[in-house]
$ cat structure-v9.csv   # CSV, C-alpha atoms
chain,number,residue,atom,x,y,z
A,1434,GLN,CA,0.0,0.0,0.0
A,1435,LEU,CA,1.4,3.4,-1.1
A,1436,GLN,CA,1.6,5.7,1.8
A,1437,LEU,CA,3.0,9.2,2.6
A,1438,VAL,CA,3.4,10.3,6.2
A,1439,GLU,CA,4.2,13.9,7.1
A,1440,SER,CA,5.8,14.8,10.5
A,1441,GLY,CA,7.5,17.7,12.1
A,1442,GLY,CA,4.7,20.2,12.4
A,1443,GLY,CA,3.9,22.1,15.6
A,1444,LEU,CA,3.6,25.5,17.2
A,1445,VAL,CA,6.4,28.0,16.6
A,1446,GLN,CA,6.8,31.7,17.2
A,1447,PRO,CA,7.1,34.1,14.3
A,1448,GLY,CA,10.7,34.0,13.0
A,1449,GLY,CA,11.2,30.4,14.2
A,1450,SER,CA,12.0,27.3,12.2
A,1451,LEU,CA,10.5,23.9,11.6
A,1452,ARG,CA,11.6,21.0,9.4
A,1453,LEU,CA,8.9,18.9,7.9
A,1454,SER,CA,9.5,15.3,6.8
A,1455,CYS,CA,7.6,13.3,4.2
A,1456,ALA,CA,8.3,9.6,4.5
A,1457,ALA,CA,7.1,7.1,1.9
A,1458,SER,CA,6.2,3.5,2.5
A,1459,GLY,CA,5.0,0.8,0.1
A,1460,PHE,CA,6.9,2.4,-2.8
A,1461,THR,CA,10.2,4.1,-3.6
A,1462,LEU,CA,10.3,7.8,-4.1
A,1463,ASP,CA,13.1,7.6,-6.7
A,1464,TYR,CA,10.8,7.9,-9.6
A,1465,TYR,CA,8.4,10.5,-8.2
A,1466,HIS,CA,8.3,14.2,-8.1
A,1467,ILE,CA,7.3,15.5,-4.6
A,1468,GLY,CA,5.4,18.5,-3.8
A,1469,TRP,CA,4.6,20.4,-0.6
A,1470,PHE,CA,1.3,22.1,-0.3
A,1471,ARG,CA,-0.6,23.9,2.4
A,1472,GLN,CA,-4.1,24.8,3.2
A,1473,ALA,CA,-5.3,27.4,5.7
A,1474,PRO,CA,-8.9,27.4,7.1
A,1475,GLY,CA,-11.2,29.0,4.5
A,1476,LYS,CA,-8.5,29.2,1.9
A,1477,GLU,CA,-7.6,27.1,-1.2
A,1478,ARG,CA,-4.8,24.6,-1.2
A,1479,GLU,CA,-1.6,26.3,-2.5
A,1480,GLY,CA,1.7,25.0,-3.7
A,1481,VAL,CA,4.7,25.7,-1.5
A,1482,SER,CA,7.5,23.9,-3.1
A,1483,CYS,CA,8.3,20.9,-5.3
A,1484,ILE,CA,11.4,18.8,-6.2
A,1485,SER,CA,11.7,16.5,-9.2
A,1486,SER,CA,12.7,12.8,-9.0
A,1487,SER,CA,16.2,13.7,-10.0
A,1488,GLY,CA,16.4,16.6,-7.6
A,1489,ILE,CA,17.5,18.9,-10.4
A,1490,SER,CA,14.2,20.7,-10.8
A,1491,ILE,CA,13.1,22.7,-7.7
A,1492,ASN,CA,10.5,25.3,-7.4
A,1493,TYR,CA,9.2,27.6,-4.6
A,1494,ALA,CA,6.2,29.8,-4.2
A,1495,ASP,CA,7.2,33.5,-4.2
A,1496,SER,CA,5.9,33.8,-0.6
A,1497,VAL,CA,8.5,31.3,0.7
A,1498,LYS,CA,11.5,31.9,-1.5
A,1499,GLY,CA,14.6,32.5,0.4
A,1500,ARG,CA,13.1,31.1,3.6
A,1501,PHE,CA,12.1,27.5,2.8
A,1502,THR,CA,14.4,24.7,1.4
A,1503,ILE,CA,13.2,21.5,-0.1
A,1504,SER,CA,15.5,18.4,-0.2
A,1505,ARG,CA,15.2,14.7,-0.7
A,1506,ASP,CA,17.0,11.7,0.6
A,1507,ASN,CA,16.2,8.8,-1.7
A,1508,ALA,CA,18.2,6.4,0.4
A,1509,ASN,CA,15.8,7.0,3.3
A,1510,ASN,CA,12.8,7.4,1.0
A,1511,THR,CA,12.1,10.8,2.6
A,1512,VAL,CA,11.7,14.4,1.5
A,1513,TYR,CA,12.2,17.4,3.7
A,1514,LEU,CA,11.0,21.0,3.9
A,1515,GLN,CA,13.1,23.2,6.0
A,1516,MET,CA,11.1,26.3,7.0
A,1517,ASN,CA,12.9,29.3,8.4
A,1518,SER,CA,11.8,32.8,9.3
A,1519,LEU,CA,8.2,31.5,9.7
A,1520,LYS,CA,5.4,34.1,9.5
A,1521,PRO,CA,1.9,33.9,11.0
A,1522,GLU,CA,0.4,33.7,7.5
A,1523,GLY,CA,2.3,30.4,7.2
A,1524,THR,CA,-0.2,28.8,9.6
A,1525,ALA,CA,-1.8,25.9,7.7
A,1526,VAL,CA,-2.0,22.2,7.3
A,1527,TYR,CA,1.0,21.1,5.2
A,1528,TYR,CA,0.7,18.2,2.9
A,1529,CYS,CA,3.2,16.3,0.8
A,1530,ALA,CA,2.2,14.6,-2.4
A,1531,ALA,CA,3.9,12.4,-5.0
A,1532,GLU,CA,3.6,12.5,-8.8
A,1533,TYR,CA,4.8,9.7,-11.0
A,1534,THR,CA,5.8,11.2,-14.3
A,1535,LEU,CA,8.3,11.2,-17.1
A,1536,GLN,CA,8.4,15.0,-17.1
A,1537,ALA,CA,11.7,16.4,-16.1
A,1538,MET,CA,10.3,19.5,-14.3
A,1539,CYS,CA,8.1,19.4,-11.2
A,1540,VAL,CA,5.0,21.6,-10.9
A,1541,MET,CA,3.2,23.1,-8.0
A,1542,LEU,CA,-0.3,22.2,-9.2
A,1543,TRP,CA,-2.1,19.9,-6.7
A,1544,ARG,CA,-4.1,18.2,-9.5
A,1545,ALA,CA,-1.0,16.8,-10.9
A,1546,TYR,CA,-0.2,14.7,-7.9
A,1547,ASP,CA,-1.4,11.1,-7.4
A,1548,HIS,CA,-0.7,10.3,-3.8
A,1549,TRP,CA,-1.1,12.4,-0.7
A,1550,GLY,CA,-0.2,12.3,3.0
A,1551,GLN,CA,-2.6,13.1,5.8
A,1552,GLY,CA,-1.1,16.5,6.5
A,1553,THR,CA,0.7,18.0,9.5
A,1554,GLN,CA,-0.4,21.2,11.3
A,1555,VAL,CA,1.9,24.2,11.4
A,1556,THR,CA,0.9,27.1,13.6
A,1557,VAL,CA,2.9,30.2,13.7
A,1558,SER,CA,1.9,32.4,16.6
A,1559,SER,CA,3.3,34.3,19.6

$ encode --input "structure-v9.csv" --output "structure tokens"
Amino acid sequence: QLQLVESGGGLVQPGGSLRLSCAASGFTLDYYHIGWFRQAPGKEREGVSCISSSGISINYADSVKGRFTISRDNANNTVYLQMNSLKPEGTAVYYCAAEYTLQAMCVMLWRAYDHWGQGTQVTVSS
């Protein structure tokens, strides 16, 4: 059974940092693009970042550029999202998702992704 499990969320003060993990089981991430998305209450799901299966293609939403870093460790079947300088508007449920594709570039369009984790809550508040 293909499964993605996010972890690392929590409560953090503005300006703080968190590292989210996305661990896969039942399949290998080697051939999948991975995306991170977030959804705040009453808002649409938005793309945060993505990384291609090769690790060469990486994209970030403008709102997180320079503060978030996505990386992957295929040996451990895990993708990470390092989030620094967190802002209150970053409060949301964060999801990771996997897309099996032969395309070289990853995209931050949630409809492109086939498999989703259950999400992890990130709350940025003083």

$ atom_distance --input "structure-v9.csv" --atom1 "CA of Tyr1546 in chain A" --atom2 "CA of Lys1520 in chain A"
26.7 Å

$ closest_residue --input "structure-v9.csv" --among "A:Gly1443, A:Ile1484, A:Ala1531, A:Leu1462" --to "His1548 in chain A" --atoms "only C-alpha atoms"
A:Ala1531

$ atom_distance --input "structure-v9.csv" --atom1 "CA of Arg1500 in chain A" --atom2 "CA of Gln1446 in chain A"
15.0 Å

$ closest_residue --input "structure-v9.csv" --among "A:Leu1542, A:Ile1489, A:Leu1437, A:Leu1451" --to "Tyr1528 in chain A" --atoms "only C-alpha atoms"
A:Leu1437

$ closest_residue --input "structure-v9.csv" --among "A:Arg1452, A:His1466, A:Lys1498, A:Arg1505" --to "Met1538 in chain A" --atoms "all atoms listed in the file"
A:His1466

$ residues_around --input "structure-v9.csv" --residues "Glu1522 in chain A" --least-positions-apart "4" --cutoff "10 Å" --atoms "only C-alpha atoms" --output "mmCIF file with C-alpha atoms, keeping the file's coordinate frame"
data_model
loop_
_atom_site.group_PDB
_atom_site.id
_atom_site.type_symbol
_atom_site.label_atom_id
_atom_site.label_comp_id
_atom_site.auth_asym_id
_atom_site.auth_seq_id
_atom_site.Cartn_x
_atom_site.Cartn_y
_atom_site.Cartn_z
ATOM 1 C CA PRO A 1447 7.100 34.100 14.300
ATOM 2 C CA ALA A 1473 -5.300 27.400 5.700
ATOM 3 C CA SER A 1496 5.900 33.800 -0.600
ATOM 4 C CA THR A 1556 0.900 27.100 13.600
ATOM 5 C CA VAL A 1557 2.900 30.200 13.700
ATOM 6 C CA SER A 1558 1.900 32.400 16.600
#

$ atom_distance --input "structure-v9.csv" --atom1 "CA of Cys1483 in chain A" --atom2 "CA of Tyr1465 in chain A"
10.8 Å

$ closest_residue --input "structure-v9.csv" --among "A:Gly1550, A:Ala1530, A:Asn1510, A:Leu1435" --to "Ile1467 in chain A" --atoms "only C-alpha atoms"
A:Ala1530

$ build_atoms --input "structure-v9.csv" --residues "range 1496-1514 of chain A" --atoms "N, CA and C atoms" --output "PDB file, in the coordinates of the input"
ATOM      1  N   SER A1496       6.059  33.417  -2.050  1.00  0.00           N
ATOM      2  CA  SER A1496       5.900  33.800  -0.600  1.00  0.00           C
ATOM      3  C   SER A1496       6.876  33.096   0.294  1.00  0.00           C
ATOM      4  N   VAL A1497       7.555  32.042  -0.190  1.00  0.00           N
ATOM      5  CA  VAL A1497       8.500  31.300   0.700  1.00  0.00           C
ATOM      6  C   VAL A1497       9.916  31.324   0.178  1.00  0.00           C
ATOM      7  N   LYS A1498      10.139  31.899  -0.978  1.00  0.00           N
ATOM      8  CA  LYS A1498      11.500  31.900  -1.500  1.00  0.00           C
ATOM      9  C   LYS A1498      12.466  32.601  -0.595  1.00  0.00           C
ATOM     10  N   GLY A1499      13.626  31.972  -0.438  1.00  0.00           N
ATOM     11  CA  GLY A1499      14.600  32.500   0.400  1.00  0.00           C
ATOM     12  C   GLY A1499      14.490  32.102   1.888  1.00  0.00           C
ATOM     13  N   ARG A1500      13.341  31.487   2.220  1.00  0.00           N
ATOM     14  CA  ARG A1500      13.100  31.100   3.600  1.00  0.00           C
ATOM     15  C   ARG A1500      12.929  29.564   3.741  1.00  0.00           C
ATOM     16  N   PHE A1501      12.381  28.931   2.724  1.00  0.00           N
ATOM     17  CA  PHE A1501      12.100  27.500   2.800  1.00  0.00           C
ATOM     18  C   PHE A1501      13.120  26.785   1.830  1.00  0.00           C
ATOM     19  N   THR A1502      13.488  25.564   2.209  1.00  0.00           N
ATOM     20  CA  THR A1502      14.400  24.700   1.400  1.00  0.00           C
ATOM     21  C   THR A1502      13.831  23.322   1.332  1.00  0.00           C
ATOM     22  N   ILE A1503      13.640  22.826   0.113  1.00  0.00           N
ATOM     23  CA  ILE A1503      13.200  21.500  -0.100  1.00  0.00           C
ATOM     24  C   ILE A1503      14.391  20.586  -0.421  1.00  0.00           C
ATOM     25  N   SER A1504      14.388  19.359   0.068  1.00  0.00           N
ATOM     26  CA  SER A1504      15.500  18.400  -0.200  1.00  0.00           C
ATOM     27  C   SER A1504      14.929  17.006  -0.180  1.00  0.00           C
ATOM     28  N   ARG A1505      15.667  16.090  -0.761  1.00  0.00           N
ATOM     29  CA  ARG A1505      15.200  14.700  -0.700  1.00  0.00           C
ATOM     30  C   ARG A1505      16.390  13.773  -0.429  1.00  0.00           C
ATOM     31  N   ASP A1506      16.076  12.705   0.278  1.00  0.00           N
ATOM     32  CA  ASP A1506      17.000  11.700   0.600  1.00  0.00           C
ATOM     33  C   ASP A1506      16.454  10.355   0.144  1.00  0.00           C
ATOM     34  N   ASN A1507      16.763  10.015  -1.089  1.00  0.00           N
ATOM     35  CA  ASN A1507      16.200   8.800  -1.700  1.00  0.00           C
ATOM     36  C   ASN A1507      16.590   7.545  -0.946  1.00  0.00           C
ATOM     37  N   ALA A1508      17.757   7.557  -0.379  1.00  0.00           N
ATOM     38  CA  ALA A1508      18.200   6.400   0.400  1.00  0.00           C
ATOM     39  C   ALA A1508      17.310   6.061   1.541  1.00  0.00           C
ATOM     40  N   ASN A1509      16.751   7.134   2.137  1.00  0.00           N
ATOM     41  CA  ASN A1509      15.800   7.000   3.300  1.00  0.00           C
ATOM     42  C   ASN A1509      14.385   7.165   2.870  1.00  0.00           C
ATOM     43  N   ASN A1510      14.156   7.306   1.546  1.00  0.00           N
ATOM     44  CA  ASN A1510      12.800   7.400   1.000  1.00  0.00           C
ATOM     45  C   ASN A1510      12.020   8.568   1.701  1.00  0.00           C
ATOM     46  N   THR A1511      12.708   9.694   1.873  1.00  0.00           N
ATOM     47  CA  THR A1511      12.100  10.800   2.600  1.00  0.00           C
ATOM     48  C   THR A1511      12.453  12.135   1.899  1.00  0.00           C
ATOM     49  N   VAL A1512      11.491  13.041   1.960  1.00  0.00           N
ATOM     50  CA  VAL A1512      11.700  14.400   1.500  1.00  0.00           C
ATOM     51  C   VAL A1512      11.461  15.355   2.623  1.00  0.00           C
ATOM     52  N   TYR A1513      12.233  16.435   2.637  1.00  0.00           N
ATOM     53  CA  TYR A1513      12.200  17.400   3.700  1.00  0.00           C
ATOM     54  C   TYR A1513      11.798  18.772   3.241  1.00  0.00           C
ATOM     55  N   LEU A1514      11.223  19.543   4.139  1.00  0.00           N
ATOM     56  CA  LEU A1514      11.000  21.000   3.900  1.00  0.00           C
ATOM     57  C   LEU A1514      11.464  21.725   5.106  1.00  0.00           C
TER      58      LEU A1514
END
